[in-house]
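Pasted below: model_12.csv, CSV, C-alpha atoms.
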```csv
chain,number,residue,atom,x,y,z
A,1,MET,CA,19.4,2.0,17.3
A,2,LYS,CA,22.6,2.6,15.3
A,3,HIS,CA,22.8,5.4,12.7
A,4,ASP,CA,25.8,4.2,10.7
A,5,PHE,CA,24.0,1.5,8.9
A,6,LYS,CA,24.4,-0.1,5.5
A,7,GLU,CA,21.0,-1.5,4.6
A,8,LEU,CA,17.5,-2.3,5.7
A,9,LYS,CA,16.3,-5.7,4.6
A,10,LEU,CA,12.7,-6.9,4.4
A,11,ASP,CA,12.6,-10.7,4.0
A,12,ARG,CA,9.2,-12.1,2.9
A,13,VAL,CA,7.3,-9.7,5.2
A,14,THR,CA,3.7,-10.7,5.4
A,15,ARG,CA,0.7,-9.1,7.3
A,16,GLN,CA,-2.6,-10.8,7.5
A,17,PHE,CA,-6.0,-9.4,8.5
A,18,ALA,CA,-9.3,-11.1,9.1
A,19,GLY,CA,-11.7,-10.7,6.2
A,20,ALA,CA,-15.4,-11.4,5.6
A,21,GLY,CA,-16.5,-14.5,7.4
A,22,GLY,CA,-13.3,-14.6,9.5
A,23,LYS,CA,-11.3,-15.7,6.5
A,24,ALA,CA,-7.7,-14.3,6.6
A,25,PHE,CA,-6.3,-12.4,3.7
A,26,ASN,CA,-2.8,-11.0,3.1
A,27,ALA,CA,-2.7,-7.2,3.1
A,28,LEU,CA,1.0,-7.6,2.5
A,29,ASP,CA,2.2,-10.8,0.9
A,30,GLU,CA,5.9,-11.8,1.2
A,31,LEU,CA,7.4,-8.4,0.5
A,32,THR,CA,11.2,-8.8,0.0
A,33,LEU,CA,13.2,-5.6,-0.4
A,34,THR,CA,16.7,-4.3,0.4
A,35,VAL,CA,17.1,-0.5,1.0
A,36,LYS,CA,20.6,0.8,0.9
A,37,ARG,CA,21.8,3.8,3.0
A,38,GLY,CA,21.2,7.0,1.0
A,39,GLU,CA,18.4,5.4,-1.1
A,40,PHE,CA,15.0,7.0,-1.6
A,41,ILE,CA,12.4,4.3,-2.1
A,42,CYS,CA,8.8,5.0,-3.1
A,43,LEU,CA,6.1,2.5,-2.4
A,44,LEU,CA,3.5,3.2,-5.1
A,45,GLY,CA,0.0,2.0,-5.8
A,46,PRO,CA,-3.7,2.6,-5.4
A,47,SER,CA,-5.6,2.6,-2.1
A,48,GLY,CA,-5.6,-0.8,-0.5
A,49,CYS,CA,-2.5,-2.1,-2.3
A,50,GLY,CA,-0.6,-2.7,0.9
A,51,LYS,CA,1.9,0.2,0.8
A,52,SER,CA,0.9,1.8,4.1
A,53,THR,CA,0.7,-1.6,5.7
A,54,ALA,CA,4.3,-2.1,4.6
A,55,LEU,CA,5.3,1.2,6.1
A,56,ASN,CA,3.5,0.5,9.4
A,57,CYS,CA,5.2,-2.9,9.6
A,58,ILE,CA,8.6,-1.3,9.2
A,59,ALA,CA,7.8,1.4,11.8
A,60,GLY,CA,6.6,-1.3,14.2
A,61,LEU,CA,3.1,0.0,14.4
A,62,MET,CA,1.9,-3.4,13.0
A,63,GLN,CA,3.2,-6.8,13.9
A,64,LEU,CA,4.3,-9.2,11.2
A,65,SER,CA,2.3,-12.3,10.4
A,66,GLY,CA,5.4,-13.7,8.7
A,67,GLY,CA,8.9,-12.9,7.5
A,68,SER,CA,11.5,-10.6,9.2
A,69,ILE,CA,13.0,-7.1,9.1
A,70,TRP,CA,16.8,-6.5,9.5
A,71,LEU,CA,18.9,-3.4,10.0
A,72,ASP,CA,22.3,-4.8,8.9
A,73,GLU,CA,22.8,-7.9,11.2
A,74,GLN,CA,20.2,-6.8,13.8
A,75,ARG,CA,16.7,-8.2,13.5
A,76,ILE,CA,14.3,-5.4,14.4
A,77,ASP,CA,10.7,-6.6,13.7
A,78,THR,CA,10.7,-8.0,17.3
A,79,LEU,CA,11.5,-4.5,18.7
A,80,PRO,CA,8.8,-1.9,19.7
A,81,PRO,CA,8.6,1.3,17.6
A,82,GLU,CA,10.6,3.4,20.0
A,83,LYS,CA,13.5,1.0,20.0
A,84,ARG,CA,13.8,1.1,16.2
A,85,GLY,CA,14.6,4.8,16.2
A,86,PHE,CA,13.0,5.6,12.9
A,87,GLY,CA,11.6,9.0,12.0
A,88,MET,CA,8.0,9.1,10.7
A,89,VAL,CA,6.1,11.8,8.8
A,90,PHE,CA,2.3,11.4,8.7
A,91,GLN,CA,-0.3,12.6,6.2
A,92,ASN,CA,-2.0,14.8,8.8
A,93,TYR,CA,1.2,16.3,10.2
A,94,ALA,CA,0.2,15.1,13.8
A,95,LEU,CA,1.6,18.3,15.4
A,96,PHE,CA,0.8,19.4,19.0
A,97,PRO,CA,-1.3,22.6,18.5
A,98,HIS,CA,-0.5,24.0,21.9
A,99,MET,CA,3.3,23.7,21.5
A,100,THR,CA,5.6,26.0,19.6
A,101,VAL,CA,7.4,24.9,16.5
A,102,ALA,CA,10.6,24.4,18.5
A,103,LYS,CA,8.8,22.3,21.2
A,104,ASN,CA,7.1,20.2,18.5
A,105,ILE,CA,10.5,19.5,16.8
A,106,GLY,CA,12.2,18.8,20.1
A,107,PHE,CA,9.5,16.5,21.5
A,108,GLY,CA,11.2,13.3,20.3
A,109,LEU,CA,14.5,14.4,21.8
A,110,LYS,CA,12.8,15.2,25.1
A,111,MET,CA,11.2,11.8,25.3
A,112,ARG,CA,14.7,10.3,24.7
A,113,GLY,CA,16.0,12.2,27.7
A,114,VAL,CA,18.2,14.7,25.8
A,115,SER,CA,19.1,17.6,27.9
A,116,PRO,CA,17.8,21.1,27.0
A,117,SER,CA,21.4,22.3,26.3
A,118,ALA,CA,22.0,19.5,23.9
A,119,MET,CA,18.5,19.8,22.4
A,120,THR,CA,18.8,23.5,21.4
A,121,PRO,CA,21.5,23.2,18.7
A,122,ARG,CA,19.9,20.1,17.2
A,123,VAL,CA,16.5,21.8,16.9
A,124,ALA,CA,18.2,24.8,15.4
A,125,HIS,CA,20.0,22.6,12.8
A,126,ALA,CA,16.7,20.8,11.9
A,127,LEU,CA,15.0,24.2,11.5
A,128,LYS,CA,17.8,25.3,9.2
A,129,LEU,CA,17.5,22.0,7.1
A,130,VAL,CA,13.7,22.6,6.5
A,131,GLN,CA,14.3,26.4,6.0
A,132,LEU,CA,12.1,27.5,9.0
A,133,THR,CA,14.7,29.4,11.0
A,134,GLY,CA,12.9,32.3,12.7
A,135,GLN,CA,9.6,30.5,13.0
A,136,GLU,CA,10.5,28.5,16.1
A,137,HIS,CA,8.3,30.5,18.5
A,138,LYS,CA,5.1,30.3,16.4
A,139,LEU,CA,2.3,27.8,17.0
A,140,PRO,CA,1.3,25.3,14.2
A,141,GLY,CA,-1.9,27.2,13.6
A,142,GLN,CA,0.0,30.3,12.6
A,143,LEU,CA,1.8,28.4,9.8
A,144,SER,CA,0.7,27.4,6.3
A,145,GLY,CA,0.1,23.8,5.4
A,146,GLY,CA,3.5,23.5,3.7
A,147,GLN,CA,5.2,25.0,6.7
A,148,GLN,CA,3.4,22.6,9.1
A,149,GLN,CA,4.5,19.7,6.9
A,150,ARG,CA,8.1,20.9,7.1
A,151,VAL,CA,7.8,21.1,10.9
A,152,ALA,CA,6.7,17.4,10.9
A,153,ILE,CA,9.7,16.6,8.7
A,154,ALA,CA,12.0,18.5,11.1
A,155,ARG,CA,10.6,16.5,14.1
A,156,ALA,CA,11.3,13.3,12.2
A,157,ILE,CA,14.9,14.1,11.3
A,158,VAL,CA,16.0,15.8,14.6
A,159,ILE,CA,16.4,12.5,16.3
A,160,GLU,CA,19.0,11.6,13.6
A,161,PRO,CA,17.2,8.4,12.5
A,162,PRO,CA,18.8,5.8,10.2
A,163,LEU,CA,15.6,5.7,8.2
A,164,ILE,CA,12.8,8.2,7.6
A,165,LEU,CA,9.3,6.9,6.8
A,166,MET,CA,6.8,9.1,5.0
A,167,ASP,CA,3.1,8.2,4.6
A,168,GLU,CA,1.4,10.3,1.9
A,169,PRO,CA,2.9,13.5,3.4
A,170,LEU,CA,1.9,15.8,0.6
A,171,SER,CA,-1.7,14.7,0.0
A,172,ASN,CA,-3.2,17.6,2.0
A,173,LEU,CA,-1.4,20.3,0.2
A,174,ASP,CA,-2.5,22.1,-3.0
A,175,ALA,CA,-0.8,21.5,-6.3
A,176,LYS,CA,1.8,24.3,-6.1
A,177,LEU,CA,2.8,23.5,-2.5
A,178,ARG,CA,3.1,19.8,-3.4
A,179,ILE,CA,5.7,20.5,-6.1
A,180,GLU,CA,7.6,22.9,-3.8
A,181,THR,CA,7.6,20.6,-0.8
A,182,ARG,CA,8.6,17.4,-2.7
A,183,ALA,CA,11.7,19.4,-3.9
A,184,GLU,CA,12.4,20.2,-0.3
A,185,ILE,CA,12.0,16.6,0.7
A,186,ARG,CA,14.5,15.4,-1.9
A,187,ARG,CA,17.0,18.1,-0.9
A,188,ILE,CA,16.7,17.2,2.8
A,189,HIS,CA,17.1,13.5,1.9
A,190,ARG,CA,20.4,14.2,0.1
A,191,GLU,CA,21.8,16.3,2.9
A,192,LEU,CA,21.0,13.8,5.6
A,193,ASP,CA,22.6,10.8,3.8
A,194,ARG,CA,20.1,8.4,5.5
A,195,ALA,CA,17.4,6.3,3.8
A,196,THR,CA,13.8,7.3,3.0
A,197,ILE,CA,10.8,5.1,2.4
A,198,TYR,CA,8.0,7.2,1.0
A,199,VAL,CA,4.4,6.0,0.4
A,200,THR,CA,2.3,7.6,-2.3
A,201,HIS,CA,-0.4,6.9,-4.9
A,202,ASP,CA,0.8,9.8,-7.1
A,203,GLN,CA,3.0,8.6,-10.0
A,204,ASP,CA,4.5,12.1,-10.5
A,205,GLU,CA,5.7,12.2,-6.9
A,206,ALA,CA,7.2,8.8,-7.2
A,207,LEU,CA,8.9,9.6,-10.5
A,208,SER,CA,10.4,12.9,-9.3
A,209,LEU,CA,11.5,11.7,-5.8
A,210,ALA,CA,12.6,8.0,-6.0
A,211,ASP,CA,15.8,6.3,-6.7
A,212,ARG,CA,13.7,3.1,-7.0
A,213,ILE,CA,10.0,2.6,-7.2
A,214,VAL,CA,8.1,-0.4,-5.7
A,215,VAL,CA,4.8,-0.8,-7.5
A,216,MET,CA,2.2,-2.8,-5.5
A,217,LYS,CA,-1.2,-4.4,-6.0
A,218,ASP,CA,-3.3,-6.4,-3.5
A,219,GLY,CA,-0.3,-6.6,-1.2
A,220,VAL,CA,2.0,-8.1,-3.9
A,221,VAL,CA,5.0,-6.4,-5.5
A,222,GLN,CA,4.4,-6.0,-9.2
A,223,GLN,CA,7.7,-4.3,-10.1
A,224,ILE,CA,10.8,-2.8,-8.5
A,225,GLY,CA,12.9,-0.5,-10.7
A,226,THR,CA,14.2,3.0,-11.3
A,227,PRO,CA,11.7,5.7,-12.3
A,228,ALA,CA,12.9,5.4,-15.9
A,229,GLU,CA,12.4,1.6,-15.9
A,230,VAL,CA,8.9,1.7,-14.4
A,231,TYR,CA,7.8,4.6,-16.6
A,232,ALA,CA,9.0,3.2,-19.9
A,233,GLN,CA,9.1,-0.6,-19.3
A,234,PRO,CA,6.2,-1.6,-17.1
A,235,ALA,CA,6.5,-5.2,-16.0
A,236,ASN,CA,2.8,-6.0,-16.6
A,237,LEU,CA,-0.5,-4.6,-17.6
A,238,HIS,CA,-1.3,-3.5,-14.1
A,239,VAL,CA,1.8,-1.4,-13.8
A,240,ALA,CA,1.3,-0.1,-17.4
A,241,ARG,CA,-2.2,1.1,-16.5
A,242,PHE,CA,-1.1,2.7,-13.3
A,243,MET,CA,1.8,4.5,-15.0
A,244,GLY,CA,-0.4,6.2,-17.5
A,245,TYR,CA,-0.8,3.7,-20.4
A,246,ARG,CA,-4.4,4.7,-21.0
A,247,ASN,CA,-4.8,2.9,-24.3
A,248,VAL,CA,-5.0,-0.8,-23.6
A,249,LEU,CA,-6.4,-2.8,-26.6
A,250,GLU,CA,-7.0,-6.5,-26.6
A,251,LEU,CA,-6.4,-7.9,-30.1
A,252,ASP,CA,-5.7,-11.1,-32.0
A,253,VAL,CA,-2.1,-12.2,-32.4
A,254,ALA,CA,-1.4,-12.3,-36.1
A,255,ARG,CA,2.3,-13.3,-35.9
A,256,GLU,CA,5.4,-13.2,-33.7
A,257,GLU,CA,8.9,-12.4,-34.9
A,258,GLY,CA,11.4,-12.4,-32.0
A,259,ASP,CA,10.1,-9.9,-29.5
A,260,ARG,CA,8.0,-8.1,-32.1
A,261,VAL,CA,4.3,-9.0,-32.3
A,262,ALA,CA,1.7,-8.1,-34.9
A,263,LEU,CA,-1.8,-7.7,-33.5
A,264,ARG,CA,-5.1,-7.3,-35.4
A,265,GLY,CA,-8.6,-6.5,-34.5
A,266,GLY,CA,-11.3,-4.9,-36.7
A,267,ASP,CA,-9.9,-1.9,-38.4
A,268,ILE,CA,-6.7,-1.8,-36.2
A,269,VAL,CA,-3.4,-3.4,-37.1
A,270,ILE,CA,-0.5,-2.7,-34.7
A,271,THR,CA,3.0,-4.1,-34.4
A,272,GLY,CA,4.5,-3.8,-30.9
A,273,VAL,CA,7.2,-5.1,-28.6
A,274,ARG,CA,6.5,-8.2,-26.5
A,275,LYS,CA,7.2,-7.6,-22.8
A,276,GLN,CA,6.1,-11.0,-21.4
A,277,PRO,CA,5.5,-14.5,-22.9
A,278,LEU,CA,2.1,-14.6,-24.5
A,279,LYS,CA,-0.6,-17.1,-23.8
A,280,GLY,CA,-3.1,-18.1,-26.4
A,281,ALA,CA,-4.3,-16.3,-29.5
A,282,ARG,CA,-5.1,-12.9,-27.8
A,283,ALA,CA,-2.8,-10.2,-26.4
A,284,ALA,CA,-3.1,-6.7,-25.1
A,285,VAL,CA,-1.1,-3.7,-26.4
A,286,ALA,CA,-0.6,-0.7,-24.0
A,287,ILE,CA,0.2,2.8,-25.4
A,288,ARG,CA,0.5,6.1,-23.7
A,289,PRO,CA,-1.5,9.0,-25.2
A,290,GLU,CA,1.7,11.1,-25.7
A,291,GLU,CA,3.3,8.2,-27.7
A,292,ILE,CA,0.6,8.4,-30.4
A,293,SER,CA,1.2,11.1,-33.0
A,294,VAL,CA,-1.3,12.7,-35.4
A,295,GLY,CA,-0.2,11.9,-38.9
A,296,GLU,CA,0.9,9.0,-41.1
A,297,GLY,CA,3.4,6.4,-39.8
A,298,PRO,CA,6.5,5.5,-41.8
A,299,GLY,CA,5.3,3.3,-44.6
A,300,GLY,CA,1.8,3.4,-43.1
A,301,LEU,CA,2.9,1.2,-40.3
A,302,ASN,CA,0.8,1.3,-37.1
A,303,THR,CA,-1.4,4.0,-38.6
A,304,ILE,CA,-5.1,4.2,-37.5
A,305,ALA,CA,-7.9,6.4,-38.9
A,306,GLY,CA,-10.6,7.8,-36.8
A,307,ARG,CA,-12.9,10.7,-35.9
A,308,VAL,CA,-12.2,13.2,-33.1
A,309,GLU,CA,-15.0,12.8,-30.6
A,310,ASN,CA,-13.7,15.0,-27.8
A,311,VAL,CA,-11.0,17.7,-27.3
A,312,GLU,CA,-9.5,18.8,-24.0
A,313,TYR,CA,-7.2,21.8,-24.4
A,314,SER,CA,-4.0,21.5,-22.3
A,315,GLY,CA,-2.0,24.5,-23.4
A,316,ARG,CA,0.8,23.3,-25.6
A,317,ASP,CA,-1.4,20.5,-27.0
A,318,SER,CA,-4.8,18.9,-26.6
A,319,LEU,CA,-5.9,15.5,-25.4
A,320,LEU,CA,-8.0,14.0,-28.1
A,321,ASP,CA,-10.5,11.1,-28.0
A,322,VAL,CA,-10.3,9.5,-31.4
A,323,VAL,CA,-12.9,6.8,-32.3
A,324,THR,CA,-12.2,4.4,-35.1
A,325,SER,CA,-14.9,3.1,-37.5
A,326,SER,CA,-15.2,-0.1,-35.5
A,327,GLY,CA,-15.8,2.0,-32.3
A,328,THR,CA,-12.4,1.6,-30.6
A,329,LEU,CA,-11.6,4.6,-28.5
A,330,LEU,CA,-8.0,6.0,-28.5
A,331,HIS,CA,-6.6,8.7,-26.2
A,332,VAL,CA,-4.1,10.8,-28.2
A,333,ARG,CA,-2.0,13.9,-27.6
A,334,GLY,CA,-2.5,16.1,-30.6
A,335,PRO,CA,-2.2,19.7,-32.0
A,336,VAL,CA,-4.3,22.4,-30.4
A,337,THR,CA,-5.6,23.1,-33.9
A,338,THR,CA,-7.5,19.8,-34.0
A,339,ALA,CA,-11.3,20.3,-33.8
A,340,LEU,CA,-14.3,18.1,-33.0
A,341,ASP,CA,-15.4,15.8,-35.8
A,342,ASP,CA,-12.1,16.1,-37.6
A,343,ILE,CA,-11.1,12.9,-39.4
A,344,VAL,CA,-7.5,12.2,-38.5
A,345,ARG,CA,-4.9,9.5,-39.0
A,346,VAL,CA,-2.7,8.6,-36.0
A,347,TYR,CA,0.3,6.3,-35.5
A,348,VAL,CA,2.5,4.9,-32.8
A,349,PRO,CA,6.1,3.8,-33.2
A,350,VAL,CA,6.6,0.1,-32.8
A,351,GLU,CA,8.9,0.5,-29.8
A,352,ARG,CA,6.3,2.5,-27.9
A,353,ALA,CA,3.6,-0.1,-28.3
A,354,LEU,CA,4.1,-2.6,-25.4
A,355,VAL,CA,2.5,-6.1,-25.8
A,356,TYR,CA,1.4,-8.2,-22.8
A,357,PRO,CA,-0.7,-11.4,-22.3
A,358,ALA,CA,-4.4,-10.7,-22.5
A,359,GLU,CA,-6.2,-10.6,-19.2
```

What's the structure tokens form of this structure?
Amino acid sequence: MKHDFKELKLDRVTRQFAGAGGKAFNALDELTLTVKRGEFICLLGPSGCGKSTALNCIAGLMQLSGGSIWLDEQRIDTLPPEKRGFGMVFQNYALFPHMTVAKNIGFGLKMRGVSPSAMTPRVAHALKLVQLTGQEHKLPGQLSGGQQQRVAIARAIVIEPPLILMDEPLSNLDAKLRIETRAEIRRIHRELDRATIYVTHDQDEALSLADRIVVMKDGVVQQIGTPAEVYAQPANLHVARFMGYRNVLELDVAREEGDRVALRGGDIVITGVRKQPLKGARAAVAIRPEEISVGEGPGGLNTIAGRVENVEYSGRDSLLDVVTSSGTLLHVRGPVTTALDDIVRVYVPVERALVYPAE
């Protein structure tokens, strides 16, 4: 498999499985995506959304039910995994416990018939890339979880693959190690100048690592965009919810003026920005807790009164549960001085309230 590639292209890639009663369902439904050399792509979504199925189809561990995969002009979905030449990093590391670090890293080279004299400098270079020089004679059991994951990464990159595939590689690490290791993964990706496709259910991982994020649900792509686009401009309510828009209120449409929509329901009146064409007299507004401020909005616009029903201290601020007189619950980031049963007024800027069709 050539290393000097320009792009990997997935063209309507589909994978079917047999469901209850023998009825087939699409775990992956016509995924179309082009990955450029040097790009870091995150497949993001909850369990069962199809992201790992997509990765396994790219790796050749699953056959396609439809569509095709191309590396430049070469169709590769008909090739077995070993002929594709991709590096893969698994969630559980998949290291050989009886082999030293150096032998684990060099295993793929040995299987490809690389001579020991040619293998040694390549293993040393991979060790240097993952900052494990000096650990080559240890066994995996003598390493920390973060070090074992770096050995797995070194094993994937030592074969000099055109593409590195990573399936939830940090999920077994504690919070501190996850942050440290994802910074290492991004650094290694930049140094290699290859492409990386990374599967995760963690929004923070995707936002911090990716050049582009592919958000998935039930095997279908919901949005492809930069981290900033997916974070601030979710394409639909599913993406909004998954990206932390915890406040989703279904209200009546009072009026529309261009892309601005006024919504009303009980004691709540909110003007927001329409993100999709609306259907019918109802719409849903999605708002992040951190976009709601405690206080009065300019001219009283988008201001809601309520009682503080719960306070979770978070250091610099607190997460507040504010309940309006009609019983609507709002999640709000507020001052640490806020106490239970305080009566507060909160507001959200119009541009931060995103309006979608009601579900």

Residues within 8 Å of (16.4, -4.2, -0.8), counting only C-alpha atoms, listed as a ChimeraX atom specification
/A:7-10,32-36

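Computed from the coordinates, the CA of Val350 in chain A to CA of Asp321 in chain A distance equals 20.9 Å.
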
Could you name the residues that touch Asp202 in chain A at 10 Å or less, counting only C-alpha atoms, but leaving out those on the same chain fewer than 6 positions away, as a PyMOL selection string? chain A and resi 44-46+168+170-171+242-243

Return as JSON the centre and edge lengths, in Å with one decimal, of the box along x, y and z that encloses every atom of range 193-204 of chain A in the file, padded by 4 Å per side.
```
{"center_x": 11.1, "center_y": 8.6, "center_z": -2.5, "size_x": 31.0, "size_y": 15.0, "size_z": 24.0}
```

Between A:Gly146, A:Pro335, A:Pro234, A:Gly219, smallest distance to Ala175 in chain A by all atoms listed in the file belongs to A:Gly146

Residue neighbourhood Val130 in chain A, 12 Å, all atoms listed in the file, exclusion window fewer than 4 positions, as number ranges by chain: A: 105, 123-126, 134-136, 146-158, 180-189, 191-192

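One finds CA of Val101 in chain A at 12.7 Å from CA of Lys128 in chain A.
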
Selection: 10 Å around Thr196 in chain A, only C-alpha atoms, excl. self and same-chain fewer than 6 positions, as a compact mmCIF listing (two decimals) with C-alpha atoms, keeping the file's coordinate frame:
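So result24.txt came out as:
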```
# COMPACT_ATOMS: atom_id res chain seq x y z
CA VAL A 35 17.10 -0.50 1.00
CA LYS A 36 20.60 0.80 0.90
CA ARG A 37 21.80 3.80 3.00
CA GLY A 38 21.20 7.00 1.00
CA GLU A 39 18.40 5.40 -1.10
CA PHE A 40 15.00 7.00 -1.60
CA ILE A 41 12.40 4.30 -2.10
CA CYS A 42 8.80 5.00 -3.10
CA GLY A 87 11.60 9.00 12.00
CA MET A 88 8.00 9.10 10.70
CA PRO A 162 18.80 5.80 10.20
CA LEU A 163 15.60 5.70 8.20
CA ILE A 164 12.80 8.20 7.60
CA LEU A 165 9.30 6.90 6.80
CA MET A 166 6.80 9.10 5.00
CA ILE A 185 12.00 16.60 0.70
CA ARG A 186 14.50 15.40 -1.90
CA HIS A 189 17.10 13.50 1.90
CA ARG A 190 20.40 14.20 0.10
CA ALA A 210 12.60 8.00 -6.00
CA ASP A 211 15.80 6.30 -6.70
```

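The coordinates place CA of Pro81 in chain A at 21.3 Å from CA of Lys103 in chain A.
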
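Of the listed residues A:Tyr347, A:Phe86, A:Phe17, A:Phe96, the one whose atoms come nearest to Ile270 in chain A is A:Tyr347, with distances taken using all atoms listed in the file.
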
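Excluding Leu301 in chain A itself and same-chain residues fewer than 5 positions from it, the residues having an atom within 12 Å of it are Ala262, Ile268, Val269, Ile270, Thr271, Gly272, Gly295, Glu296, Arg345, Val346, Tyr347, Val348, Pro349 and Val350 of chain A, counting only C-alpha atoms.
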
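Using all atoms listed in the file, the contacts of Asp11 in chain A at a cut-off of 8 Å, with sequence neighbours closer than 6 positions omitted, comprise A:Glu30, A:Leu31, A:Thr32, A:Leu33, A:Gly67, A:Ser68, A:Ile69.
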
Between A:Ile292, A:Leu95, A:Ala353, A:Ala27, smallest distance to Lys217 in chain A by all atoms listed in the file belongs to A:Ala27

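For the choices A:Val199, A:Leu143, A:Leu71, A:Leu329, the atom-to-atom distance to Pro169 in chain A is smallest for A:Val199 when using only C-alpha atoms.
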
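If only C-alpha atoms are the atoms counted, then among A:Asp252, A:Ser325, A:Glu257, A:Arg333 the closest residue to Pro289 in chain A is A:Arg333.
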
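Residue nearest Gln142 in chain A, chosen from A:Pro97, A:Pro161, A:Gly300, A:Gly225 and counting all atoms listed in the file: A:Pro97.
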
Counting all atoms listed in the file, which residues come within 12 Å of (-7.1, 18.2, -39.7), with the point read in the file's coordinates, and could you list them as a ChimeraX atom specification?
-> /A:294-295,305-308,334-346
